[in-house]
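Trainee: Following this message is one structure expressed as C-alpha cells.
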Amino acid sequence: PPLGIEREFRYVESVAGLEATAGREISSAAGPHRLLGGFEYTESRVVESRDGLQTDLETGASTSVILGESLPVRDFPISRVRQAGVYAQDEWRPGDGHWSVIPALRLDGYWLSPEGDAMYAADNPSGPPVSIDEVSLSPKLGIARRVGEDVTVYLQYAHGFRAPPFEDVNIGLDLPQFNVRAIPNPDLKPERSDSLELGLRFQGTRLRGSASAYASRYADFIESRVNIGTDPDTGATLFQSRNLASAEIRGIEASLEVELGPIADSPARYTAYVSAGWTTGEDTARNEPINSIDPPRGVVGLRYASASGRFGAGAELTVAGAKRDVDETAGPLYKPDGYSVLDLRLQWRLHPRVTANLGLFNVTDRRYYEWSAVRGRAP
C-alpha cells in the first residue's frame with residue numbers, strides 16, 4: 001500500500017574547552033632554546049537517536065516499526081567525554097644553528113562516562129555501557145638539519161596513545177532489513193604506538209614540497225567495525241571493533257608544487273602540483289593484512305589565478321589503486337578496483353567578502369567504490 005514514512009536522525013554534540021600555550025626564547029653558551037608549554041581540556045556530551053513513524057495512507061494505521069526496527073533507538077548511549085593534555089617542548093639550536101634538537105613530553109587523560117537510559121537499554125539488553133578512565137605519558141624526539149637555505153632533513157621518534165572511541169566501545173546498531181549488526185566491545189583497550197619518520201621539506205621561490213617515510217609499531221591497535229563473521233543464531237553479519245595485539249604500519253608520502261609563472265606574457269599565475277601516498281599494514285600476531293588501511297592514492301592538478309586575484313580555476317585528477325591485500329579469515333570480502341576521477345573548479349571573487357564557487361565533479365561520470373565505504377562487505 002502507499003505509505004507515508006517520517007524518519008528522524010539526531011546527533012547533538014556539545015563541547016566546551018580551554019587551552020593555553022606559553023613560549024619563551026632563552027640564550028645559552030650551547031645555543032638558543034625556544035621553550036613551549038601548555039595545556040588543553042575539553043568536555044563534550046553526545047546525544048544520538050533515531051526515530052520514525054510509518055503510516056498506511058489507505059487505512060490510516062501507523063507503526064513505529066520500520067525496516068524491521070522498533071523505533072526509537074539509540075545506537076550508542078548518551079556519552080560524556082573529558083580529555084586533558086599537558087605538554088612541554090624545547091627547540092634547541094646548537095652550534096651554527098643548522099641543527100635542531102626538539103625533545104617533547106605530553107601527558108594525556110581520557111575519561112568516558114556513558115549515561116545509560118531506558119531507550120539504550122531496550123535496544124541493548126546484553127549489559128550496561130562501559131566507562132573508560134585512561135592516562136598516558138608520551139615522549140617525542142626530533143632532530144632536523146638545514147641543508148642550504150631551502151632544504152630541511154629531519155628524523156623523528158614519537159610515542160603515541162589513542163583511547164578507544166566511545167562509539168566503538170558501546171555501539172549497538174542493528175539493521176534487520178539488511179541482516180547487519182554492529183555489536184559493542186566493552187573490553188576494547190587503548191592503542192599505543194612507537195613511530196619513526198624520516199623526511200625532508202624544501203621551499204624555494206617557485207618550487208616547494210616534501211617527502212617522508214614512516215614506520216609504526218602498535219600494541220593493541222584499534223581496528224574499527226571489523227567483519228567478524230555471521231551470528232549462528234540469526235544469520236546476521238556481525239561487525240565489532242577489536243584490538244590487534246601487535247601491528248605494524250609503514251608508508252611513504254610525497255608532494256610537489258611548482259609555480260609555472262606567466263604563460264604567453266600573461267600576468268596570471270599557474271601552479272602545477274602532485275601528491276601521492278602509499279600505506280601498508282599488517283597484524284603481526286596473525287600475519288594478516290589490516291583491512292582499515294586505504295589503498296594507495298595520488299593527485300595531479302593545475303591551478304590558475306588571475307593577476308587581480310578575482311578569478312581562479314583548477315583541474316584535479318585523483319587516482320586510487322585497487323584494494324587486493326585483505327584479511328578474509330571471516331569470509332570472502334568485496335575488493336574494489338582502482339579508479340581515476342577528474343574534477344573541475346571555478347572561483348569568482350565578487351567582493352572582498354563574497355566568493356562564488358562552481359565545481360563539476362567526476363567529469364567522466366566514472367562509477368567507482370571507495371574502500372572505506374565497502375570495507376567488510378561480502379562480494
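FYI, nothing fancy with the C-alpha cells labels: chains A, B, ... in order, residues from 1 per chain, ligands from 1 as they appear.
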From a backbone DSSP assignment, name each residue in region 19-159 of chain A labelled alpha helix (DSSP H), as a PyMOL selection string.

Mentor: chain A and resi 118-123

Trainee: With only C-alpha atoms counted and 9 Å as the cut-off, give the residues of region 202-291 of chain A in contact with region 155-171 of chain A, each with its shortest interatomic distance in Å and the pair that gives it, as CSV.

Mentor:
```
residue,atom,partner,partner_atom,distance
A:Tyr218,CA,A:Gly160,CA,8.8
A:Ile222,CA,A:Pro164,CA,7.2
A:Ser224,CA,A:Asp168,CA,6.7
A:Arg225,CA,A:Asp168,CA,7.4
A:Gln240,CA,A:Asp168,CA,7.7
A:Ser241,CA,A:Asp168,CA,5.8
A:Arg242,CA,A:Asp168,CA,8.7
```

Trainee: Region 273-282 of chain A: which residues within 6 Å, counting only C-alpha atoms, same-chain residues fewer than 4 positions away excluded, as a compact mmCIF listing (two decimals) with N, CA and C atoms, in the first residue's frame?

Mentor:
```txt
# COMPACT_ATOMS: atom_id res chain seq x y z
N ALA A 247 50.79 -4.82 15.76
CA ALA A 247 50.60 -4.46 14.35
C ALA A 247 51.72 -3.53 13.91
N GLU A 248 51.95 -3.50 12.62
CA GLU A 248 52.92 -2.59 12.02
C GLU A 248 52.27 -1.87 10.84
N ILE A 249 52.55 -0.59 10.74
CA ILE A 249 52.09 0.21 9.60
C ILE A 249 53.28 0.96 9.04
N ARG A 250 53.45 0.87 7.72
CA ARG A 250 54.56 1.56 7.04
C ARG A 250 54.00 2.31 5.85
N GLY A 251 54.68 3.39 5.48
CA GLY A 251 54.19 4.13 4.33
C GLY A 251 55.14 5.21 3.89
N ILE A 252 54.82 5.79 2.74
CA ILE A 252 55.56 6.93 2.20
C ILE A 252 54.55 7.96 1.70
N GLU A 253 54.93 9.21 1.81
CA GLU A 253 54.11 10.31 1.31
C GLU A 253 55.02 11.33 0.64
N ALA A 254 54.53 11.94 -0.41
CA ALA A 254 55.32 12.96 -1.11
C ALA A 254 54.39 13.97 -1.76
N SER A 255 54.85 15.20 -1.85
CA SER A 255 54.09 16.25 -2.54
C SER A 255 55.06 17.23 -3.18
N LEU A 256 54.64 17.81 -4.29
CA LEU A 256 55.46 18.77 -5.03
C LEU A 256 54.54 19.81 -5.65
N GLU A 257 54.94 21.08 -5.53
CA GLU A 257 54.17 22.18 -6.10
C GLU A 257 55.13 23.10 -6.85
N GLU A 288 48.40 -11.29 9.07
CA GLU A 288 47.32 -10.95 8.16
C GLU A 288 47.33 -9.43 7.92
N PRO A 289 46.88 -8.99 6.74
CA PRO A 289 46.81 -7.55 6.48
C PRO A 289 45.76 -6.88 7.36
N ILE A 290 45.91 -5.56 7.56
CA ILE A 290 44.94 -4.76 8.31
C ILE A 290 43.96 -4.15 7.32
N PRO A 296 46.61 2.80 -2.12
CA PRO A 296 47.39 3.98 -2.49
C PRO A 296 46.56 4.99 -3.27
N ARG A 297 46.94 6.25 -3.14
CA ARG A 297 46.17 7.33 -3.78
C ARG A 297 47.12 8.43 -4.22
N GLY A 298 46.83 9.04 -5.34
CA GLY A 298 47.62 10.15 -5.83
C GLY A 298 46.74 11.23 -6.45
N VAL A 299 47.25 12.44 -6.47
CA VAL A 299 46.51 13.59 -7.02
C VAL A 299 47.45 14.38 -7.92
N VAL A 300 46.96 14.77 -9.11
CA VAL A 300 47.70 15.64 -10.02
C VAL A 300 46.76 16.79 -10.38
N GLY A 301 47.26 18.02 -10.29
CA GLY A 301 46.36 19.13 -10.55
C GLY A 301 47.06 20.34 -11.14
```

Trainee: What is the distance, in Å and to one decimal place, between CA of Arg93 (chain A) and CA of Ala215 (chain A)?

Mentor: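 Taking CA of Arg93 (chain A) and CA of Ala215 (chain A), their separation equals 26.5 Å.
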
Trainee: Just list the residues in region 104-348 of chain A DSSP gives strand (DSSP E or B) on the backbone, as a VMD selection string.

Mentor: chain A and resid 104 to 115 132 to 147 151 to 162 173 to 175 180 to 182 191 to 203 207 to 230 237 to 259 269 to 283 288 to 289 297 to 305 311 to 320 339 to 348

Trainee: To one decimal place in Å, what is the distance between CA of Leu358 (chain A) and CA of Leu346 (chain A)?

Mentor: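 If I compute the distance from CA of Leu358 (chain A) to CA of Leu346 (chain A), I get 5.1 Å.
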
Trainee: Taking 3 positions as the minimum chain separation for residues in the same chain, which residues sit within 6 Å of Ala315 (chain A) when counting only C-alpha atoms? Answer as JSON, numbers by chain.

Mentor: {"A": [301, 302, 343, 344]}

Trainee: Do you know which residues are at most 8 Å from Tyr11 (chain A) counting only C-alpha atoms, after dropping those on the same chain fewer than 3 positions away, and could you put them as a count of residues only?

Mentor: 4

Trainee: Can you tell me, as a list in words, what residues are no more than 8 Å from Glu259 (chain A) when counting only C-alpha atoms, ignoring any on the same chain fewer than 6 positions away?

Mentor: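 Everything that qualifies: Arg206, Leu207, Arg269, Tyr270, Thr271 and Ala272 of chain A.
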
Trainee: As an exercise, work out the distance from CA of Arg10 (chain A) to CA of Ala118 (chain A) in Å and give it to one decimal place.

Mentor: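 So the answer is 17.1 Å.
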